Structure formats: C-alpha cells, structure tokens
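*Asks:* This is the structure I have questions about; it appears just below.
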Amino acid sequence: MYTKSIAELAAGLRAREFSSEELTRALLERINRLDSQLNSFITVAEEQALEQARAADARLAAGEAGALTGIPVAQKDIFCTRGIRTSCGSKMLDNFVAPYDAHVVERFNEAGAVLIGKTNMDEFAMGSSNETSFYGPVKNPWDTSTVPGGSSGGSAAAVAARLVPAATGTDTGGSIRQPAALCGITGLKPTYGRVSRYGMIAFASSLDQGGPMARSAEDAAILLGAMAGFDKRDSTSLDQPVPDYTTTLNDDLKGLKIGLPKEFFGEGLDAGVAEVIEAAVAEYRKLGAEVIEISLPNSALAVPTYYVVAPAECSSNLSRFDGVRFGYRCEEPRDLEDLYKRSRGEGFGAEVKRRIMIGTYALSAGYYDAYYLKAQQMRRLISDDFKRAFEQCDVIMGPTAPGTAFKIGEKTDDPVTMYLSDIYTIAANLAGLPGMSVPAGMANELPVGLQIIGNYFDEARLLNVGHRYQQVTDWHTRAPQGFE
C-alpha cells in the first residue's frame, strides 16, 4: 500500500480493497521500523491516527468520502495540533501542546484525512539543511550521509522514503521547494495568502506560506484543494475562490511559453544539475511548449534582501518566547531580566540567535533606513522583474537548487554558503509568487528538482505543467534504495 499515490489510495479505500485503519497501521509499522535511519518524525501520533482512521472508515462506509478521506498525512511540526506537541524543532517549545488546531490542520480534519505524526524541521524553520533542529538532523533517504534540505526536510524525507504518501511544509525562502528537490519529490509553494497562516508558528510573516509535499503533481493538486481557502482569522489570507486543481491537470501544453532566466544558468550552478534541467526543458519542447530566454536582473540581490527582511521579521515574531507565558523556562531565575535572558539563551539554538541578532540590528535606530527600508525597496524591484517577465511568458523554469544534497556538517560552519542553497527560490517568496519543484533527474547519483514559477494565483497552471511532464517521465516514481 505504501507504494500507491493519494489518488490510488483513495480509489482503493472506496473500493474496499483495504480500510483506512489497515493503511494507517501499515504506515505506522513502516515508520517505527525505518525512521530510525532518517529521524524524519518528531512525534508519531499513533493513538490519534488510529482513532481518526476508524472515523474515516465510518465515513467511507456511509458513502461520505472525499478525495482525502482515510488518507494518512504528516504535518510539519510548525502547524499547531490540538492535544499533540508542536515543537517547531526547538527546545523553546519542546513541552508545548497546542490548545487549538491550525487552519491547515482543521481543513485536513474536515476532509477526513488521518494525522499520522509531526515531522522534523529546522528550528523555527530557520535553515536550509534540517541540521538546526533541537531533535537532531534529518537524513536524506537517497544517501543518509547527506542532508534532505530544509526547513521542511522531515516532510520531504518521510514522503521520499514512502513513510507517508504526503506531508505539509512551509516555504519562507524555499523551504518546500529546496527539500523537495533534494529528496526527489514534488513540492508546491502557493501564492502568498492562498493558504492561511493561522496556527502556523511565525518565522517571517510577510514571506511564510504553507503548501503540499507529495510524490506527484496530481497528489499535490488534491492536497492544495484541501489546504487553500480564505480564513478570516488571518489578516493576510486572500478571499479568492479555490478551483478544483485536478480538473485542469491534463490540459494541453501546446503554445505554453516558458521563460528561462539567464541569471539562473550562470556561475555557481552544478554542471550535472544544468544538464538535467536542459533535458527537462527539452521534454517540454516535445510537449509543444515554446521556450524563450528572459532576464530577472535583480535576482542576484534576492539573497541579501531576504537576509535583512526575514531576520527583521523573525526578531519581532520570536520576542513572544520569553519564558513567562509558555514554552521553555530556565531554572531558578534570580529576577525577571535573568528569566528573559537565560530562557531565551538556553531555549534558542545558534542559527535562531544569529537571525534574531541580525534582525534586531537591522531594525535598530540609525540602521532601519540603511538596511530594512533599503531591503524593502529592493524587494519591490525584484517583484517588478517578475511582472515584466510574465508579460513575455506563462511560466518561468530553472533549477530549484544550485547543486544536489550535500554532506551533513559540510556547511554548518559557513552560514553564507548555506544561505546560497536558496539562491533560486528566495525571489519567488519576496514577490509572493507561487513556485513548484518537480523531480527531473539525477546528478551525482542524487535527485535534481526542476523549479516552475507562475504568476499570482496560477497554481492550477503550475500543477498542469508539472503533471504533463510527469506523464512522460518517471523520475517522480523512483524510490531510494532500501525504501522501495
């Protein structure tokens, strides 16, 4: 059963080939047996999962099943889940049990999905390799000496290893797409505001966006249909109708205009990755698409812009973790100041502290105009580049990451090199655009992802473009050795 897609599992459940409880038990057994090699889960919610599975079976028996009824799904441990620990990969929240569900979790519950557990992640979603987690690094199932990418590395590794058919992720600067690329799965970052951030622990509020991670574009379409939608509790949630993303998956690509940014194919791109992307683009030509060269002249400044904006917002958002109201508290504080200092000093990891310090500095008197304001101005220029590009093309393609998965520990002592792992993904977040990564081949014996960026609210087109490619290739069906 673990080899089946969401669509296949849903058909099997409706045909009574197996029950949701049988499927859930099979996946729980697989997680218990194999996840010690990967460390992809922080919490496995076995008791609740089986309870939800039995409820789903009752819905199936009554003929009330939807596309996700009875399907086990993992939630990134950044989404609040009532009665289950929500740690955000941090010692600061190691003992936090949320009293409510995030909007995304509510939507999956309404759809009848089964919450099988919470996946490991970079602490407070800050990282590109899933090495900053308080619970230890996640390992890439394709080569357990390498990273799975981050911050949604736990979700990516769990889906790639067939421990779950699907999982959620969040993308602030590439944290769905980059781990999807490194683990050989499909990951979609929707348009900013398309998926509610209510109950999603904030890192950088103007950039964060939840999205689906699955094996195929078809599965991602099913998941996004459940996740997307207006939520009045989130002031950035956009009141836009949610289409049935599965109805346009098979649309013809003849006449589709694909833009290739010349800036994405220069220095720093691994030669093997470049070959894979070129081969993928050639497949699109066979499908009838037209390919043109475009320019995103300010894309080179996306990384420095992001690393002013995101830390500034994180320094504000993380000020609530003070040892007073909830989360980690130091032992025997001498006074209130000591409580604040030691609770935060002991509760946060090194990368989180680094970003808080950078952000606080950028927002401080005398530096706000020089750094934060300038970064916001740069952000507008990057967004304008995309607007001009979409006057020439329908979608933009290129590599998701400059290389394949790197060794665990290889970049931990060099934050700047680590930050450059997201060089091709960050610009879409700064502009609020939807972006997607699909498996496109192998280089250095590891997966390579093709990134597809669309215009605002053009997720249906992205999913269509990804799906048609997956109909003529089999990269998305391949499993890592030992996890087949």
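Identifiers for the structure tokens are assigned positionally: chains receive A, B, ... in sequence, residues are indexed from 1 per chain, and ligands are indexed from 1 in the order shown.
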Restrict the calculation to only C-alpha atoms, then for each residue of segment 337-389 of chain A with any atom at most 12 Å from an atom of segment 319-330 of chain A give the closest atom pair and their distance in Å to one decimal, rows by chain and rising residue number, as a tab-separated table.
*Replies:*
```
residue	atom	partner	partner_atom	distance
A:Glu337	CA	A:Asp322	CA	10.0
A:Asp338	CA	A:Cys330	CA	8.9
A:Leu339	CA	A:Cys330	CA	6.5
A:Tyr340	CA	A:Asp322	CA	5.3
A:Lys341	CA	A:Asp322	CA	8.2
A:Arg342	CA	A:Cys330	CA	5.9
A:Ser343	CA	A:Cys330	CA	4.8
A:Arg344	CA	A:Asp322	CA	6.2
A:Gly345	CA	A:Cys330	CA	9.1
A:Glu346	CA	A:Cys330	CA	7.3
A:Gly347	CA	A:Tyr328	CA	6.1
A:Phe348	CA	A:Phe321	CA	9.4
A:Val352	CA	A:Ser319	CA	11.7
A:Lys353	CA	A:Ser319	CA	11.4
A:Ile356	CA	A:Ser319	CA	9.0
A:Met357	CA	A:Ser319	CA	11.6
A:Gly359	CA	A:Ser319	CA	11.5
A:Thr360	CA	A:Ser319	CA	10.4
```
*Asks:* Could you list, as a PDB file with C-alpha atoms, in the first residue's frame, every residue within 10 Å of Tyr198 of chain A, counting only C-alpha atoms and ignoring same-chain residues fewer than 3 positions away?
*Replies:*
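Contents of the output file out-v5.pdb:
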```pdb
ATOM      1  CA  PHE A  79       1.462  23.664  12.496  1.00  0.00           C
ATOM      2  CA  CYS A  80      -0.388  23.714  15.815  1.00  0.00           C
ATOM      3  CA  ASP A 101      -5.616  23.376  15.517  1.00  0.00           C
ATOM      4  CA  ALA A 102      -4.038  25.443  12.763  1.00  0.00           C
ATOM      5  CA  HIS A 103      -6.348  26.318   9.864  1.00  0.00           C
ATOM      6  CA  VAL A 104      -4.490  23.823   7.635  1.00  0.00           C
ATOM      7  CA  VAL A 105      -4.984  21.064  10.214  1.00  0.00           C
ATOM      8  CA  VAL A 195      -3.143  29.146   2.415  1.00  0.00           C
ATOM      9  CA  ILE A 201       4.138  29.373  14.094  1.00  0.00           C
ATOM     10  CA  ALA A 202       5.542  32.530  12.518  1.00  0.00           C
ATOM     11  CA  ASP A 231      -9.636  32.365   6.684  1.00  0.00           C
ATOM     12  CA  LYS A 232     -10.853  35.493   8.462  1.00  0.00           C
ATOM     13  CA  ARG A 233      -8.511  34.776  11.397  1.00  0.00           C
ATOM     14  CA  ASP A 234      -5.501  35.504   9.171  1.00  0.00           C
ATOM     15  CA  SER A 235      -5.326  39.139   8.051  1.00  0.00           C
ATOM     16  CA  THR A 236      -3.099  38.162   5.094  1.00  0.00           C
ATOM     17  CA  SER A 237      -5.457  35.422   3.859  1.00  0.00           C
TER      18      SER A 237
END
```
*Asks:* Between A:Asp394, A:Asp384, A:Glu332, A:Glu484, which one has atoms that come closest to Met1 of chain A, using only C-alpha atoms?
*Replies:*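 Nearest to Met1 of chain A: A:Glu484.
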*Asks:* For segment 248-303 of chain A versus segment 443-452 of chain A, which residues have an atom no more than 7 Å away, and what is each residue's nearest atom pair and distance in Å rounded to one decimal, using only C-alpha atoms, chain-then-number order, as a Markdown table?
*Replies:*
```
| residue | atom | partner | partner_atom | distance |
| --- | --- | --- | --- | --- |
| A:Gly272 | CA | A:Ala443 | CA | 5.1 |
| A:Val273 | CA | A:Ala443 | CA | 6.0 |
| A:Ile277 | CA | A:Leu450 | CA | 6.3 |
```
*Asks:* Using C-alpha atoms, can you export the residues from the last selection as a PDB file, in the first residue's frame?
*Replies:*
```pdb
ATOM      1  CA  GLY A 272      25.247  17.962 -13.695  1.00  0.00           C
ATOM      2  CA  VAL A 273      22.226  19.890 -12.450  1.00  0.00           C
ATOM      3  CA  ILE A 277      17.363  20.990 -16.342  1.00  0.00           C
TER       4      ILE A 277
END
```
*Asks:* Counting only C-alpha atoms, which residue out of A:Glu29, A:Glu46, A:Asp77, A:Asp251 sits closest to Arg468 of chain A?
*Replies:*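 Using only C-alpha atoms, Arg468 of chain A sits closest to A:Asp251.
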*Asks:* Could you give me, as a tab-separated table, a per-residue list for segment 29-147 of chain A showing, wherever an atom lies at most 12 Å from an atom of segment 396-414 of chain A, the closest pair of atoms and their distance in Å to one decimal, using only C-alpha atoms and sorting by chain then residue number from low to high?
*Replies:*
```
residue	atom	partner	partner_atom	distance
A:Gly127	CA	A:Thr412	CA	9.9
A:Ser128	CA	A:Lys411	CA	9.9
A:Ser129	CA	A:Ile408	CA	8.0
A:Asn130	CA	A:Ile408	CA	9.3
A:Glu131	CA	A:Ile408	CA	7.6
A:Thr132	CA	A:Thr412	CA	8.9
A:Gly136	CA	A:Ile408	CA	11.1
A:Pro137	CA	A:Ile408	CA	8.0
A:Val138	CA	A:Ile408	CA	9.1
A:Lys139	CA	A:Ile408	CA	8.0
A:Asn140	CA	A:Ala405	CA	7.9
A:Pro141	CA	A:Ala405	CA	10.8
A:Trp142	CA	A:Ala405	CA	9.2
A:Asp143	CA	A:Ala405	CA	8.6
A:Thr144	CA	A:Ile408	CA	8.7
A:Ser145	CA	A:Lys407	CA	5.8
A:Thr146	CA	A:Lys407	CA	4.1
A:Val147	CA	A:Ile408	CA	5.4
```
*Asks:* Go ahead and dump the residues you just picked, N, CA and C atoms, as a short mmCIF file (atom, residue, chain, number, x, y, z; two decimals), in the first residue's frame.
*Replies:*
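Writing the result to selection06.cif gives the following:
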```cif
data_model
loop_
_atom_site.label_atom_id
_atom_site.label_comp_id
_atom_site.auth_asym_id
_atom_site.auth_seq_id
_atom_site.Cartn_x
_atom_site.Cartn_y
_atom_site.Cartn_z
N GLY A 127 16.74 27.50 8.36
CA GLY A 127 17.80 26.63 7.89
C GLY A 127 17.50 26.09 6.52
N SER A 128 18.53 25.58 5.86
CA SER A 128 18.39 25.04 4.51
C SER A 128 18.81 23.58 4.44
N SER A 129 19.00 22.95 5.60
CA SER A 129 19.54 21.59 5.59
C SER A 129 18.92 20.67 6.63
N ASN A 130 18.05 21.16 7.47
CA ASN A 130 17.44 20.43 8.57
C ASN A 130 18.47 19.94 9.58
N GLU A 131 19.52 20.75 9.76
CA GLU A 131 20.55 20.44 10.76
C GLU A 131 20.41 21.29 12.01
N THR A 132 19.51 22.29 12.02
CA THR A 132 19.40 23.16 13.20
C THR A 132 18.34 22.67 14.18
N GLY A 136 17.93 16.89 16.39
CA GLY A 136 18.96 16.29 15.56
C GLY A 136 18.65 16.40 14.08
N PRO A 137 19.65 16.23 13.22
CA PRO A 137 19.45 16.39 11.78
C PRO A 137 18.60 15.27 11.19
N VAL A 138 17.87 15.61 10.15
CA VAL A 138 17.17 14.61 9.33
C VAL A 138 18.16 14.15 8.25
N LYS A 139 18.05 12.89 7.87
CA LYS A 139 18.94 12.35 6.84
C LYS A 139 18.16 12.09 5.56
N ASN A 140 18.84 12.30 4.44
CA ASN A 140 18.24 12.12 3.13
C ASN A 140 18.17 10.63 2.80
N PRO A 141 16.98 10.08 2.49
CA PRO A 141 16.88 8.64 2.23
C PRO A 141 17.66 8.17 1.01
N TRP A 142 18.00 9.08 0.10
CA TRP A 142 18.80 8.69 -1.07
C TRP A 142 20.25 8.44 -0.69
N ASP A 143 20.73 9.10 0.34
CA ASP A 143 22.08 8.91 0.87
C ASP A 143 22.07 9.48 2.28
N THR A 144 22.04 8.60 3.27
CA THR A 144 21.84 9.05 4.65
C THR A 144 23.04 9.80 5.23
N SER A 145 24.10 9.97 4.45
CA SER A 145 25.20 10.84 4.88
C SER A 145 24.98 12.27 4.43
N THR A 146 23.88 12.51 3.67
CA THR A 146 23.60 13.84 3.14
C THR A 146 22.35 14.44 3.78
N VAL A 147 22.18 15.74 3.60
CA VAL A 147 21.03 16.46 4.16
C VAL A 147 19.83 16.29 3.24
#
```
